[in-house]
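A.B. asks: Here you go, final.cif (mmCIF, C-alpha atoms):
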```
data_run
loop_
_atom_site.label_atom_id
_atom_site.label_comp_id
_atom_site.auth_asym_id
_atom_site.auth_seq_id
_atom_site.Cartn_x
_atom_site.Cartn_y
_atom_site.Cartn_z
CA MET A 1107 -23.76 41.01 8.19
CA ILE A 1108 -21.60 37.96 7.65
CA LEU A 1109 -21.82 38.28 3.86
CA ASN A 1110 -20.80 41.92 4.08
CA ALA A 1111 -17.85 41.01 6.31
CA LEU A 1112 -16.86 38.26 3.87
CA PHE A 1113 -17.00 40.71 0.98
CA LEU A 1114 -14.78 43.15 2.85
CA ALA A 1115 -12.36 40.34 3.75
CA LEU A 1116 -12.07 39.18 0.13
CA ARG A 1117 -11.54 42.76 -1.03
CA GLU A 1118 -8.75 43.20 1.50
CA ILE A 1119 -7.11 39.95 0.37
CA ARG A 1120 -7.35 41.05 -3.26
CA ASN A 1121 -5.80 44.45 -2.47
CA ASN A 1122 -2.86 42.74 -0.78
CA LEU A 1123 -2.68 39.62 -2.91
CA MET A 1124 1.08 39.03 -2.63
CA ARG A 1125 1.09 39.42 1.15
CA ALA A 1126 -1.96 37.18 1.53
CA GLY A 1127 -0.36 34.53 -0.70
CA LEU A 1128 2.87 34.46 1.27
CA THR A 1129 0.92 34.45 4.53
CA THR A 1130 -1.11 31.38 3.57
CA LEU A 1131 1.89 29.51 2.13
CA GLY A 1132 2.32 27.53 5.35
CA ILE A 1133 -1.35 26.49 5.21
CA VAL A 1134 -1.00 25.48 1.55
CA ILE A 1135 2.09 23.37 2.24
CA GLY A 1136 0.58 21.80 5.36
CA VAL A 1137 -2.71 20.81 3.74
CA ALA A 1138 -0.99 19.53 0.58
CA ALA A 1139 1.51 17.51 2.63
CA VAL A 1140 -1.17 15.95 4.85
CA ILE A 1141 -3.33 14.96 1.87
CA MET A 1142 -0.35 13.52 0.01
CA MET A 1143 0.83 11.53 3.03
CA VAL A 1144 -2.61 10.05 3.75
CA THR A 1145 -3.45 9.37 0.10
CA LEU A 1146 -0.10 7.82 -0.78
CA GLY A 1147 -0.05 5.86 2.49
CA ASN A 1148 -3.43 4.32 1.69
CA SER A 1149 -2.41 3.73 -1.93
CA ALA A 1150 0.81 2.01 -0.87
CA SER A 1151 -1.06 -0.15 1.63
CA LYS A 1152 -3.60 -1.15 -1.02
CA SER A 1153 -0.84 -1.94 -3.50
CA VAL A 1154 1.06 -4.13 -1.02
CA THR A 1155 -2.02 -6.01 0.17
CA SER A 1156 -3.15 -6.58 -3.44
CA GLN A 1157 0.27 -7.98 -4.30
CA ILE A 1158 0.20 -10.28 -1.27
CA ALA A 1159 -3.29 -11.42 -2.25
CA SER A 1160 -2.05 -12.14 -5.77
CA MET A 1161 0.34 -14.72 -4.30
CA GLY A 1162 -2.67 -16.81 -3.30
CA ARG A 1163 -6.10 -16.52 -1.72
CA ASN A 1164 -6.57 -17.62 1.89
CA LEU A 1165 -3.03 -18.95 1.69
CA ILE A 1166 -0.99 -20.63 4.42
CA VAL A 1167 2.66 -21.38 3.69
CA VAL A 1168 4.52 -24.19 5.46
CA PHE A 1169 8.31 -24.39 5.08
CA PRO A 1170 11.17 -26.08 6.96
CA GLY A 1171 13.12 -24.20 9.62
CA GLN A 1172 12.36 -20.98 11.46
CA ASN A 1173 12.54 -17.45 10.08
CA GLN A 1174 15.27 -16.68 12.61
CA GLY A 1175 17.22 -19.88 12.02
CA PRO A 1176 20.04 -20.51 9.55
CA PRO A 1177 19.02 -21.82 6.12
CA GLY A 1178 19.11 -25.57 5.79
CA ALA A 1179 19.07 -26.09 9.56
CA ALA A 1180 15.95 -28.30 9.35
CA PRO A 1181 15.24 -31.28 7.07
CA ASP A 1182 12.89 -30.81 4.13
CA PHE A 1183 9.38 -32.19 4.02
CA THR A 1184 8.18 -35.34 2.30
CA LEU A 1185 5.22 -35.89 0.01
CA ALA A 1186 3.60 -37.99 2.74
CA MET A 1187 3.46 -34.93 5.01
CA ALA A 1188 1.56 -32.92 2.41
CA GLU A 1189 -0.81 -35.83 1.85
CA ALA A 1190 -1.36 -36.09 5.63
CA ILE A 1191 -2.31 -32.40 5.82
CA ALA A 1192 -4.82 -32.86 2.98
CA ARG A 1193 -6.24 -35.99 4.60
CA GLU A 1194 -6.32 -35.08 8.28
CA ILE A 1195 -7.32 -31.39 8.33
CA PRO A 1196 -10.85 -30.40 7.23
CA GLY A 1197 -11.78 -27.11 5.58
CA LEU A 1198 -8.98 -27.00 3.01
CA ASN A 1199 -9.46 -25.96 -0.57
CA ALA A 1200 -6.08 -27.15 -1.87
CA VAL A 1201 -2.77 -28.56 -0.64
CA ALA A 1202 0.14 -28.10 -3.02
CA PRO A 1203 3.55 -29.64 -2.22
CA GLU A 1204 6.38 -27.87 -4.02
CA ALA A 1205 9.93 -28.77 -4.99
CA GLU A 1206 11.63 -25.55 -6.06
CA THR A 1207 14.91 -24.98 -7.84
CA THR A 1208 16.50 -22.70 -10.41
CA ALA A 1209 17.44 -23.79 -13.90
CA GLU A 1210 18.74 -22.34 -17.16
CA ALA A 1211 15.97 -22.11 -19.76
CA VAL A 1212 17.47 -22.33 -23.25
CA LEU A 1213 15.92 -21.99 -26.70
CA GLY A 1214 18.28 -21.46 -29.62
CA ASN A 1215 20.48 -18.49 -28.80
CA ASN A 1216 18.17 -17.32 -26.03
CA ASN A 1217 18.76 -18.38 -22.44
CA HIS A 1218 17.30 -17.25 -19.15
CA SER A 1219 17.85 -18.30 -15.54
CA THR A 1220 14.45 -18.93 -14.01
CA GLN A 1221 12.60 -20.44 -11.06
CA VAL A 1222 11.22 -23.93 -11.58
CA VAL A 1223 8.38 -25.17 -9.38
CA GLY A 1224 7.45 -28.81 -9.33
CA SER A 1225 3.98 -29.47 -7.94
CA THR A 1226 0.53 -30.85 -8.62
CA ASP A 1227 -2.47 -29.23 -10.28
CA ALA A 1228 -3.41 -27.87 -6.84
CA VAL A 1229 -0.63 -25.28 -7.11
CA PHE A 1230 -2.61 -23.24 -9.64
CA GLY A 1231 -5.49 -22.74 -7.22
CA ALA A 1232 -3.26 -22.24 -4.18
CA ARG A 1233 -1.09 -19.63 -5.89
CA ASN A 1234 -4.03 -18.00 -7.67
CA MET A 1235 -2.46 -18.74 -11.05
CA LYS A 1236 -4.69 -18.41 -14.12
CA LEU A 1237 -3.98 -19.58 -17.63
CA THR A 1238 -4.41 -17.45 -20.72
CA GLN A 1239 -3.64 -20.32 -23.09
CA GLY A 1240 -3.25 -24.07 -22.98
CA ARG A 1241 -4.01 -26.41 -20.09
CA THR A 1242 -2.68 -27.76 -16.81
CA PHE A 1243 -1.32 -31.25 -16.13
CA THR A 1244 -3.21 -34.48 -16.65
CA LEU A 1245 -3.23 -37.22 -14.03
CA GLY A 1246 -1.07 -39.39 -16.25
CA GLU A 1247 1.53 -36.63 -16.67
CA LEU A 1248 1.69 -36.12 -12.91
CA ARG A 1249 2.07 -39.81 -12.13
CA ALA A 1250 4.69 -40.40 -14.82
CA GLY A 1251 6.60 -37.19 -14.10
CA LYS A 1252 6.41 -36.19 -17.74
CA ALA A 1253 8.51 -33.26 -18.92
CA VAL A 1254 5.68 -30.82 -19.64
CA CYS A 1255 5.48 -27.29 -18.29
CA VAL A 1256 3.33 -24.21 -17.85
CA ILE A 1257 5.37 -21.01 -18.23
CA GLY A 1258 5.03 -17.39 -17.11
CA GLN A 1259 4.94 -14.35 -19.36
CA THR A 1260 8.58 -13.41 -18.68
CA ILE A 1261 9.79 -16.80 -19.96
CA ARG A 1262 7.55 -16.51 -22.99
CA LYS A 1263 8.90 -13.09 -23.92
CA ASP A 1264 12.56 -13.96 -23.35
CA LEU A 1265 12.50 -17.30 -25.17
CA PHE A 1266 9.68 -17.18 -27.69
CA GLY A 1267 9.10 -13.47 -28.25
CA ALA A 1268 5.78 -12.86 -30.00
CA ALA A 1269 5.50 -16.46 -31.22
CA ASN A 1270 2.92 -18.90 -29.86
CA ALA A 1271 4.76 -21.06 -27.33
CA ILE A 1272 2.09 -23.73 -26.86
CA GLY A 1273 3.34 -27.06 -28.19
CA ASP A 1274 6.96 -25.90 -28.57
CA ARG A 1275 9.87 -27.27 -26.57
CA PHE A 1276 12.83 -25.70 -24.80
CA ARG A 1277 15.56 -26.96 -22.50
CA LEU A 1278 15.73 -26.65 -18.74
CA ASN A 1279 19.39 -27.39 -18.07
CA LYS A 1280 19.73 -30.68 -20.02
CA MET A 1281 16.04 -31.64 -19.94
CA SER A 1282 13.74 -30.96 -22.88
CA CYS A 1283 10.34 -29.61 -21.81
CA GLU A 1284 7.12 -29.20 -23.79
CA VAL A 1285 5.06 -26.04 -23.17
CA ILE A 1286 1.41 -26.94 -22.54
CA GLY A 1287 0.16 -23.75 -20.88
CA LEU A 1288 0.78 -20.03 -20.50
CA LEU A 1289 0.14 -18.20 -17.22
CA GLN A 1290 -1.61 -14.85 -16.93
CA ALA A 1291 0.74 -11.98 -16.07
CA LYS A 1292 0.90 -11.06 -12.36
CA GLY A 1293 3.82 -8.63 -12.21
CA THR A 1294 6.21 -8.05 -9.33
CA ASN A 1295 5.18 -9.03 -5.82
CA THR A 1296 5.74 -7.16 -2.55
CA PHE A 1297 9.20 -8.65 -2.12
CA GLY A 1298 10.41 -7.48 -5.54
CA GLN A 1299 10.16 -10.93 -7.16
CA ASP A 1300 8.94 -11.24 -10.73
CA GLN A 1301 5.96 -13.59 -10.44
CA ASP A 1302 5.96 -14.16 -14.21
CA ASP A 1303 9.52 -15.52 -14.21
CA ILE A 1304 8.44 -19.08 -13.43
CA VAL A 1305 8.15 -22.55 -14.94
CA VAL A 1306 5.66 -24.97 -13.37
CA MET A 1307 6.17 -28.70 -13.93
CA PRO A 1308 4.88 -31.98 -12.49
CA LEU A 1309 6.41 -32.66 -9.09
CA LEU A 1310 8.06 -35.97 -10.04
CA ALA A 1311 9.68 -34.45 -13.13
CA VAL A 1312 11.43 -31.77 -11.06
CA GLN A 1313 12.42 -34.18 -8.29
CA ARG A 1314 13.86 -36.83 -10.59
CA ARG A 1315 15.37 -34.77 -13.40
CA LEU A 1316 16.37 -31.45 -11.84
CA VAL A 1317 16.94 -31.71 -8.08
CA GLY A 1318 17.75 -35.43 -7.80
CA ASN A 1319 15.79 -36.17 -4.58
CA ASN A 1320 12.26 -36.59 -3.28
CA ASN A 1321 12.27 -33.62 -0.90
CA ILE A 1322 9.51 -31.04 -0.63
CA ASN A 1323 10.68 -27.45 -0.02
CA VAL A 1324 7.32 -25.81 0.62
CA ILE A 1325 3.74 -26.89 1.25
CA LEU A 1326 1.06 -24.41 0.20
CA VAL A 1327 -2.31 -24.75 1.92
CA SER A 1328 -5.37 -22.85 0.71
CA ALA A 1329 -8.28 -22.42 3.12
CA ARG A 1330 -11.75 -23.07 1.79
CA ASN A 1331 -13.28 -20.16 3.70
CA ALA A 1332 -11.73 -16.77 4.43
CA GLY A 1333 -11.23 -16.29 8.15
CA ASP A 1334 -10.40 -19.95 8.83
CA GLU A 1335 -6.66 -19.34 8.53
CA PRO A 1336 -5.90 -18.95 12.29
CA ARG A 1337 -7.68 -22.22 13.12
CA LEU A 1338 -6.05 -24.07 10.25
CA LYS A 1339 -2.65 -22.69 11.15
CA GLY A 1340 -2.93 -24.12 14.66
CA GLU A 1341 -4.09 -27.52 13.38
CA ILE A 1342 -1.29 -27.67 10.82
CA GLU A 1343 1.29 -26.85 13.49
CA ARG A 1344 0.01 -29.63 15.75
CA LEU A 1345 -0.06 -32.16 12.90
CA MET A 1346 3.42 -31.18 11.67
CA ARG A 1347 4.87 -31.66 15.13
CA GLN A 1348 3.48 -35.20 15.12
CA LEU A 1349 4.75 -35.91 11.61
CA ARG A 1350 8.19 -34.50 12.47
CA HIS A 1351 8.26 -36.52 15.74
CA LEU A 1352 8.98 -33.49 17.93
CA ALA A 1353 8.77 -34.15 21.65
CA ALA A 1354 7.07 -31.74 24.07
CA GLY A 1355 9.29 -28.74 24.78
CA VAL A 1356 11.28 -29.14 21.56
CA PRO A 1357 10.90 -26.04 19.37
CA ASP A 1358 9.35 -26.33 15.94
CA ASP A 1359 11.73 -27.04 13.07
CA PHE A 1360 9.23 -25.63 10.61
CA THR A 1361 7.24 -22.43 10.09
CA VAL A 1362 3.54 -22.05 9.33
CA GLN A 1363 2.89 -18.60 7.91
CA ASP A 1364 -0.56 -17.11 7.44
CA MET A 1365 -0.54 -14.63 4.54
CA GLN A 1366 -3.59 -12.83 5.99
CA GLU A 1367 -1.59 -12.21 9.15
CA ILE A 1368 1.21 -10.72 7.07
CA THR A 1369 -1.35 -8.53 5.30
CA ARG A 1370 -2.69 -7.24 8.62
CA GLU A 1371 0.84 -6.50 9.85
CA VAL A 1372 1.63 -4.60 6.66
CA GLU A 1373 -1.60 -2.59 6.93
CA SER A 1374 -0.91 -1.79 10.59
CA THR A 1375 2.67 -0.70 9.89
CA THR A 1376 1.60 1.43 6.93
CA ALA A 1377 -1.14 3.08 8.99
CA ILE A 1378 1.31 3.96 11.77
CA LEU A 1379 3.84 5.42 9.32
CA THR A 1380 1.11 7.36 7.51
CA ALA A 1381 -0.18 8.82 10.79
CA PHE A 1382 3.34 9.77 11.89
CA LEU A 1383 4.22 11.45 8.60
CA SER A 1384 0.85 13.23 8.51
CA ALA A 1385 1.44 14.55 12.04
CA VAL A 1386 4.83 15.90 10.98
CA ALA A 1387 3.27 17.50 7.90
CA ALA A 1388 0.52 19.04 10.04
CA ILE A 1389 3.15 21.11 11.83
CA SER A 1390 3.20 23.27 8.70
CA LEU A 1391 -0.44 24.16 9.47
CA LEU A 1392 0.57 25.50 12.87
CA VAL A 1393 3.40 27.47 11.28
CA GLY A 1394 0.92 28.84 8.74
CA GLY A 1395 -1.46 29.79 11.56
CA ILE A 1396 1.29 31.75 13.30
CA GLY A 1397 1.95 33.53 10.00
CA ILE A 1398 -1.72 34.46 9.71
CA MET A 1399 -1.79 35.79 13.28
CA ASN A 1400 1.33 37.84 12.60
CA ILE A 1401 0.01 39.41 9.41
CA MET A 1402 -3.38 40.10 11.00
CA LEU A 1403 -1.68 41.97 13.84
CA VAL A 1404 0.16 44.02 11.23
CA SER A 1405 -3.13 44.60 9.42
CA VAL A 1406 -4.79 45.83 12.64
CA THR A 1407 -1.95 48.30 13.14
CA GLU A 1408 -2.16 49.54 9.54
CA ARG A 1409 -5.94 49.93 9.66
CA THR A 1410 -6.25 51.46 13.13
CA ARG A 1411 -7.70 54.71 11.77
CA GLU A 1412 -10.22 52.81 9.64
CA ILE A 1413 -11.30 50.83 12.70
CA GLY A 1414 -11.65 54.04 14.70
CA ILE A 1415 -13.90 55.57 12.05
CA ARG A 1416 -16.14 52.49 11.97
CA LEU A 1417 -16.45 52.46 15.75
CA ALA A 1418 -17.10 56.21 15.83
CA ILE A 1419 -20.00 56.03 13.39
CA GLY A 1420 -21.76 53.31 15.32
CA ALA A 1421 -20.14 49.95 14.51
CA LEU A 1422 -20.19 47.54 17.42
CA GLU A 1423 -17.18 45.67 18.77
CA ARG A 1424 -18.62 42.39 17.56
CA ASP A 1425 -18.87 43.82 14.02
CA VAL A 1426 -15.15 44.65 13.98
CA LEU A 1427 -14.34 41.31 15.61
CA MET A 1428 -16.37 39.48 12.96
CA GLN A 1429 -14.72 41.38 10.11
CA PHE A 1430 -11.15 40.54 11.10
CA LEU A 1431 -12.02 36.99 12.14
CA ILE A 1432 -13.68 36.27 8.79
CA GLU A 1433 -10.68 37.77 7.02
CA ALA A 1434 -8.36 35.37 8.86
CA VAL A 1435 -10.64 32.41 8.16
CA ALA A 1436 -10.96 33.37 4.49
CA MET A 1437 -7.18 33.47 4.03
CA SER A 1438 -6.79 30.15 5.82
CA ALA A 1439 -9.63 28.46 3.92
CA LEU A 1440 -8.34 29.72 0.55
CA GLY A 1441 -4.92 28.39 1.44
CA GLY A 1442 -6.53 25.07 2.37
CA ALA A 1443 -8.36 24.91 -0.97
CA VAL A 1444 -5.15 25.57 -2.90
CA GLY A 1445 -3.40 22.96 -0.73
CA VAL A 1446 -6.10 20.41 -1.60
CA VAL A 1447 -5.57 20.95 -5.32
CA ILE A 1448 -1.79 20.68 -4.98
CA GLY A 1449 -2.05 17.65 -2.67
CA LEU A 1450 -4.38 15.71 -4.95
CA SER A 1451 -2.36 16.60 -8.06
CA GLY A 1452 0.90 15.61 -6.37
CA SER A 1453 -0.63 12.36 -5.13
CA ALA A 1454 -1.83 11.49 -8.63
CA VAL A 1455 1.63 12.14 -10.12
CA VAL A 1456 3.52 10.17 -7.46
CA ALA A 1457 1.02 7.28 -7.54
CA HIS A 1458 1.42 7.11 -11.33
CA LEU A 1459 5.21 7.09 -11.09
CA LEU A 1460 5.21 4.40 -8.38
CA LYS A 1461 2.39 2.47 -10.11
CA PHE A 1462 0.17 2.62 -7.05
CA PRO A 1463 -3.64 2.70 -7.23
CA LEU A 1464 -4.84 6.23 -6.42
CA LEU A 1465 -7.15 6.06 -3.40
CA ILE A 1466 -8.64 9.46 -2.59
CA GLN A 1467 -10.58 9.73 0.66
CA PRO A 1468 -13.10 12.61 0.45
CA GLY A 1469 -13.31 12.68 4.24
CA VAL A 1470 -9.60 13.52 4.52
CA VAL A 1471 -9.97 16.33 1.98
CA VAL A 1472 -12.95 17.85 3.81
CA LEU A 1473 -11.21 17.45 7.16
CA ALA A 1474 -8.07 19.17 5.85
CA VAL A 1475 -10.06 22.21 4.65
CA LEU A 1476 -12.06 22.39 7.89
CA PHE A 1477 -8.88 22.11 9.93
CA SER A 1478 -7.25 24.89 7.95
CA ALA A 1479 -10.31 27.09 8.58
CA ALA A 1480 -10.14 26.21 12.27
CA VAL A 1481 -6.50 27.31 12.26
CA GLY A 1482 -7.68 30.64 10.88
CA VAL A 1483 -10.23 30.97 13.68
CA GLY A 1484 -7.73 30.00 16.35
CA PHE A 1485 -4.91 32.24 15.26
CA GLY A 1486 -7.11 35.06 13.94
CA TYR A 1487 -9.12 35.54 17.11
CA PHE A 1488 -6.46 37.42 19.07
CA PRO A 1489 -5.79 40.05 16.35
CA ALA A 1490 -9.55 40.40 15.77
CA ARG A 1491 -10.24 40.91 19.46
CA ARG A 1492 -7.44 43.47 19.65
CA ALA A 1493 -9.00 45.38 16.76
CA ALA A 1494 -12.48 45.26 18.32
CA ARG A 1495 -11.22 46.64 21.66
CA LEU A 1496 -9.50 49.70 20.22
CA ASP A 1497 -10.55 53.02 21.75
CA PRO A 1498 -12.26 54.99 18.92
CA ILE A 1499 -10.73 58.33 20.05
CA GLU A 1500 -7.23 56.88 20.23
CA ALA A 1501 -7.73 55.09 16.93
CA LEU A 1502 -8.78 58.30 15.17
CA ARG A 1503 -5.61 60.03 16.42
CA HIS A 1504 -3.47 57.24 14.93
CA GLU A 1505 -1.39 58.31 11.94
#
```
Starting from the coordinates I provided, produce the structure as structure tokens.
C.D. replies:
Amino acid sequence: MILNALFLALREIRNNLMRAGLTTLGIVIGVAAVIMMVTLGNSASKSVTSQIASMGRNLIVVFPGQNQGPPGAAPDFTLAMAEAIAREIPGLNAVAPEAETTAEAVLGNNNHSTQVVGSTDAVFGARNMKLTQGRTFTLGELRAGKAVCVIGQTIRKDLFGAANAIGDRFRLNKMSCEVIGLLQAKGTNTFGQDQDDIVVMPLLAVQRRLVGNNNINVILVSARNAGDEPRLKGEIERLMRQLRHLAAGVPDDFTVQDMQEITREVESTTAILTAFLSAVAAISLLVGGIGIMNIMLVSVTERTREIGIRLAIGALERDVLMQFLIEAVAMSALGGAVGVVIGLSGSAVVAHLLKFPLLIQPGVVVLAVLFSAAVGVGFGYFPARRAARLDPIEALRHE
């Protein structure tokens, strides 16, 4: 019975293909929009969290001042503070004090303004930096503040081109620097910063020959175990208050930022935006359902005589109800299937253009099709019931 009703429904859709297509257009747009919003939302969230993770694993960042305060309102750190964190707080994988500045990198006729980071060997583990060539600093180079450097891929391309940079020298402002290592490419981070546009040098070399002081701008702390960041953050805050000699009630003049916390905030914000945009897109499904109900009412009117004949020769009300209900569900489900194809194709194109990883959730696809079919049931029931309750005699008189 159901197969026969489905066959009749598909035949009716085929006979009125243009009308059926326009009727289901709202369903197609709604399903495609919902799938694109959910897929791209998840892809964007994955991209952002991956980029944050690329900045360093289990990373905690300590910097002077508050996020809300004016820049330079708090004094910089000292090397002794970084050493105290490494000595006093257990469960740390690495502590990397950094002195950061910008400098002009010059080689021949090529020059490039870049970020220079002075630190210890711990910075490579804290920042999740990997070398493709060369080596990191020796203990002697760190203690002497020797002018050696590890460079990012952007510096290599701008200054050296395709040549092997290891062992060559270039100038940072007026200082000559020997390239001893080449970093693996990391690309642009969440904040739009080119992570490959960087020169890493021994801390003393940057302090003495580029910035002219012994200040530390940032302290990077890497937790040994994932999940320890909240505990370590609290311990670092308490220790820093002691080291900065802050009395009770005096607000912190530093900030301890947990990158995992930032990741969770980004994921939460992205999920809320995705849900909101998906809800707006789902309105198209309701509009499509109203269109299906409208066209089914028209179809009942057009086929009144046919319905009367079926009822007169012995068809039951439930048979007529089933026929029109299946026809509404078939149109809605077909529209949902087309919407799935368009949604997935559109998601793939947009993800490729934005360089996002494409994360397709099969559950969302199945749910979208089932929801579109449910829309067909909901909005097709009233026209189907109206058809089933027609008086056969009156229906046969209909012209």
A.B. asks: For the interface of region 1308-1380 of chain A with region 1272-1287 of chain A (cut-off 12 Å, counting all atoms listed in the file), please tabulate each contacting residue of region 1308-1380 of chain A alongside its nearest pair of atoms and their separation in Å to one decimal, rows sorted by chain and increasing number, as CSV.
C.D. replies:
```
residue,atom,partner,partner_atom,distance
A:Pro1308,CA,A:Cys1283,CA,11.1
A:Ala1311,CA,A:Met1281,CA,9.7
A:Val1312,CA,A:Met1281,CA,10.0
A:Arg1314,CA,A:Met1281,CA,10.9
A:Arg1315,CA,A:Met1281,CA,7.3
A:Leu1316,CA,A:Asn1279,CA,8.0
A:Val1317,CA,A:Asn1279,CA,11.2
```
A.B. asks: Give me the result of the PyMOL selection byres ((chain A and resi 1185) around 8) on this file, residue by residue, as an MDAnalysis selection string.
C.D. replies: chainID A and resid 1183:1184 1186:1189 1203 1320:1322
A.B. asks: Using only C-alpha atoms, can you tell me which of A:Thr1145, A:Asn1323, A:Ser1384, A:Asn1164 comes closest to Leu1338 (chain A)?
C.D. replies: A:Asn1164
A.B. asks: Grab the CA of Ala1439 (chain A) to CA of Leu1379 (chain A) distance for me, in Å with one decimal place.
C.D. replies: 27.2 Å
A.B. asks: Would you work out the distance separating CA of His1218 (chain A) from CA of Asp1300 (chain A), expressed in Å to one decimal?
C.D. replies: 13.3 Å
A.B. asks: Selected by the PyMOL selection byres ((chain A and resi 1450) around 8) in the shown coordinates: which residues, as a PyMOL selection string?
C.D. replies: chain A and resi 1138+1141-1142+1446-1449+1451-1454+1466
A.B. asks: At a cut-off of 9 Å, using all atoms listed in the file, what residues contact Thr1226 (chain A)? Leave out same-chain residues fewer than 5 positions from it and give the result as a list in words.
C.D. replies: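 Returned residues: Val1201, Ala1202, Pro1203, Glu1204, Phe1243, Leu1248, Met1307, Pro1308 and Leu1309 of chain A.
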A.B. asks: Please return, as a list in words, all polymer residues that have at least one atom within 7 Å of the point (4.0, 21.4, 4.7); use all atoms listed in the file and the file's own coordinate frame.
C.D. replies: Gly1132, Ile1135, Gly1136, Val1137, Ala1138, Ala1139, Ala1387, Ala1388 and Ser1390 of chain A
A.B. asks: Which residue, A:Ala1253, A:Val1444, A:Ala1126, A:Ala1268, has the smallest gap to Ile1398 (chain A) when you use all atoms listed in the file?
C.D. replies: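 Using all atoms listed in the file, the shortest distance to Ile1398 (chain A) belongs to A:Ala1126.
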A.B. asks: In Å, how far is it from CA of Thr1376 (chain A) to CA of Ser1153 (chain A)?
C.D. replies: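 Between these atoms lies a distance of 11.2 Å.
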A.B. asks: Since the input lacks atoms, please generate N, CA and C atoms for region 1339-1355 of chain A and provide them as a PDB file, in the coordinates of the input.
C.D. replies:
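The new file part.pdb reads:
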```
ATOM      1  N   LYS A1339      -4.069 -22.816  10.812  1.00  0.00           N
ATOM      2  CA  LYS A1339      -2.650 -22.690  11.150  1.00  0.00           C
ATOM      3  C   LYS A1339      -2.318 -23.486  12.406  1.00  0.00           C
ATOM      4  N   GLY A1340      -3.168 -23.375  13.431  1.00  0.00           N
ATOM      5  CA  GLY A1340      -2.930 -24.120  14.660  1.00  0.00           C
ATOM      6  C   GLY A1340      -2.990 -25.626  14.445  1.00  0.00           C
ATOM      7  N   GLU A1341      -3.968 -26.092  13.645  1.00  0.00           N
ATOM      8  CA  GLU A1341      -4.090 -27.520  13.380  1.00  0.00           C
ATOM      9  C   GLU A1341      -2.909 -28.048  12.570  1.00  0.00           C
ATOM     10  N   ILE A1342      -2.450 -27.254  11.621  1.00  0.00           N
ATOM     11  CA  ILE A1342      -1.290 -27.670  10.820  1.00  0.00           C
ATOM     12  C   ILE A1342      -0.048 -27.764  11.696  1.00  0.00           C
ATOM     13  N   GLU A1343       0.125 -26.811  12.596  1.00  0.00           N
ATOM     14  CA  GLU A1343       1.290 -26.850  13.490  1.00  0.00           C
ATOM     15  C   GLU A1343       1.275 -28.101  14.365  1.00  0.00           C
ATOM     16  N   ARG A1344       0.095 -28.430  14.904  1.00  0.00           N
ATOM     17  CA  ARG A1344       0.010 -29.630  15.750  1.00  0.00           C
ATOM     18  C   ARG A1344       0.290 -30.901  14.937  1.00  0.00           C
ATOM     19  N   LEU A1345      -0.275 -30.973  13.731  1.00  0.00           N
ATOM     20  CA  LEU A1345      -0.060 -32.160  12.900  1.00  0.00           C
ATOM     21  C   LEU A1345       1.404 -32.270  12.463  1.00  0.00           C
ATOM     22  N   MET A1346       2.028 -31.150  12.107  1.00  0.00           N
ATOM     23  CA  MET A1346       3.420 -31.180  11.670  1.00  0.00           C
ATOM     24  C   MET A1346       4.351 -31.606  12.798  1.00  0.00           C
ATOM     25  N   ARG A1347       4.054 -31.217  14.004  1.00  0.00           N
ATOM     26  CA  ARG A1347       4.870 -31.660  15.130  1.00  0.00           C
ATOM     27  C   ARG A1347       4.801 -33.187  15.283  1.00  0.00           C
ATOM     28  N   GLN A1348       3.605 -33.753  15.069  1.00  0.00           N
ATOM     29  CA  GLN A1348       3.480 -35.200  15.120  1.00  0.00           C
ATOM     30  C   GLN A1348       4.238 -35.868  13.971  1.00  0.00           C
ATOM     31  N   LEU A1349       4.088 -35.322  12.772  1.00  0.00           N
ATOM     32  CA  LEU A1349       4.750 -35.910  11.610  1.00  0.00           C
ATOM     33  C   LEU A1349       6.268 -35.781  11.687  1.00  0.00           C
ATOM     34  N   ARG A1350       6.740 -34.722  12.350  1.00  0.00           N
ATOM     35  CA  ARG A1350       8.190 -34.500  12.470  1.00  0.00           C
ATOM     36  C   ARG A1350       8.754 -35.152  13.738  1.00  0.00           C
ATOM     37  N   HIS A1351       7.864 -35.800  14.528  1.00  0.00           N
ATOM     38  CA  HIS A1351       8.260 -36.520  15.740  1.00  0.00           C
ATOM     39  C   HIS A1351       8.990 -35.604  16.728  1.00  0.00           C
ATOM     40  N   LEU A1352       8.384 -34.454  16.999  1.00  0.00           N
ATOM     41  CA  LEU A1352       8.980 -33.490  17.930  1.00  0.00           C
ATOM     42  C   LEU A1352       8.378 -33.708  19.318  1.00  0.00           C
ATOM     43  N   ALA A1353       9.228 -33.931  20.284  1.00  0.00           N
ATOM     44  CA  ALA A1353       8.770 -34.150  21.650  1.00  0.00           C
ATOM     45  C   ALA A1353       8.317 -32.835  22.275  1.00  0.00           C
ATOM     46  N   ALA A1354       7.540 -32.931  23.360  1.00  0.00           N
ATOM     47  CA  ALA A1354       7.070 -31.740  24.070  1.00  0.00           C
ATOM     48  C   ALA A1354       8.258 -30.926  24.564  1.00  0.00           C
ATOM     49  N   GLY A1355       8.200 -29.615  24.363  1.00  0.00           N
ATOM     50  CA  GLY A1355       9.290 -28.740  24.780  1.00  0.00           C
ATOM     51  C   GLY A1355      10.315 -28.493  23.708  1.00  0.00           C
TER      52      GLY A1355
END
```
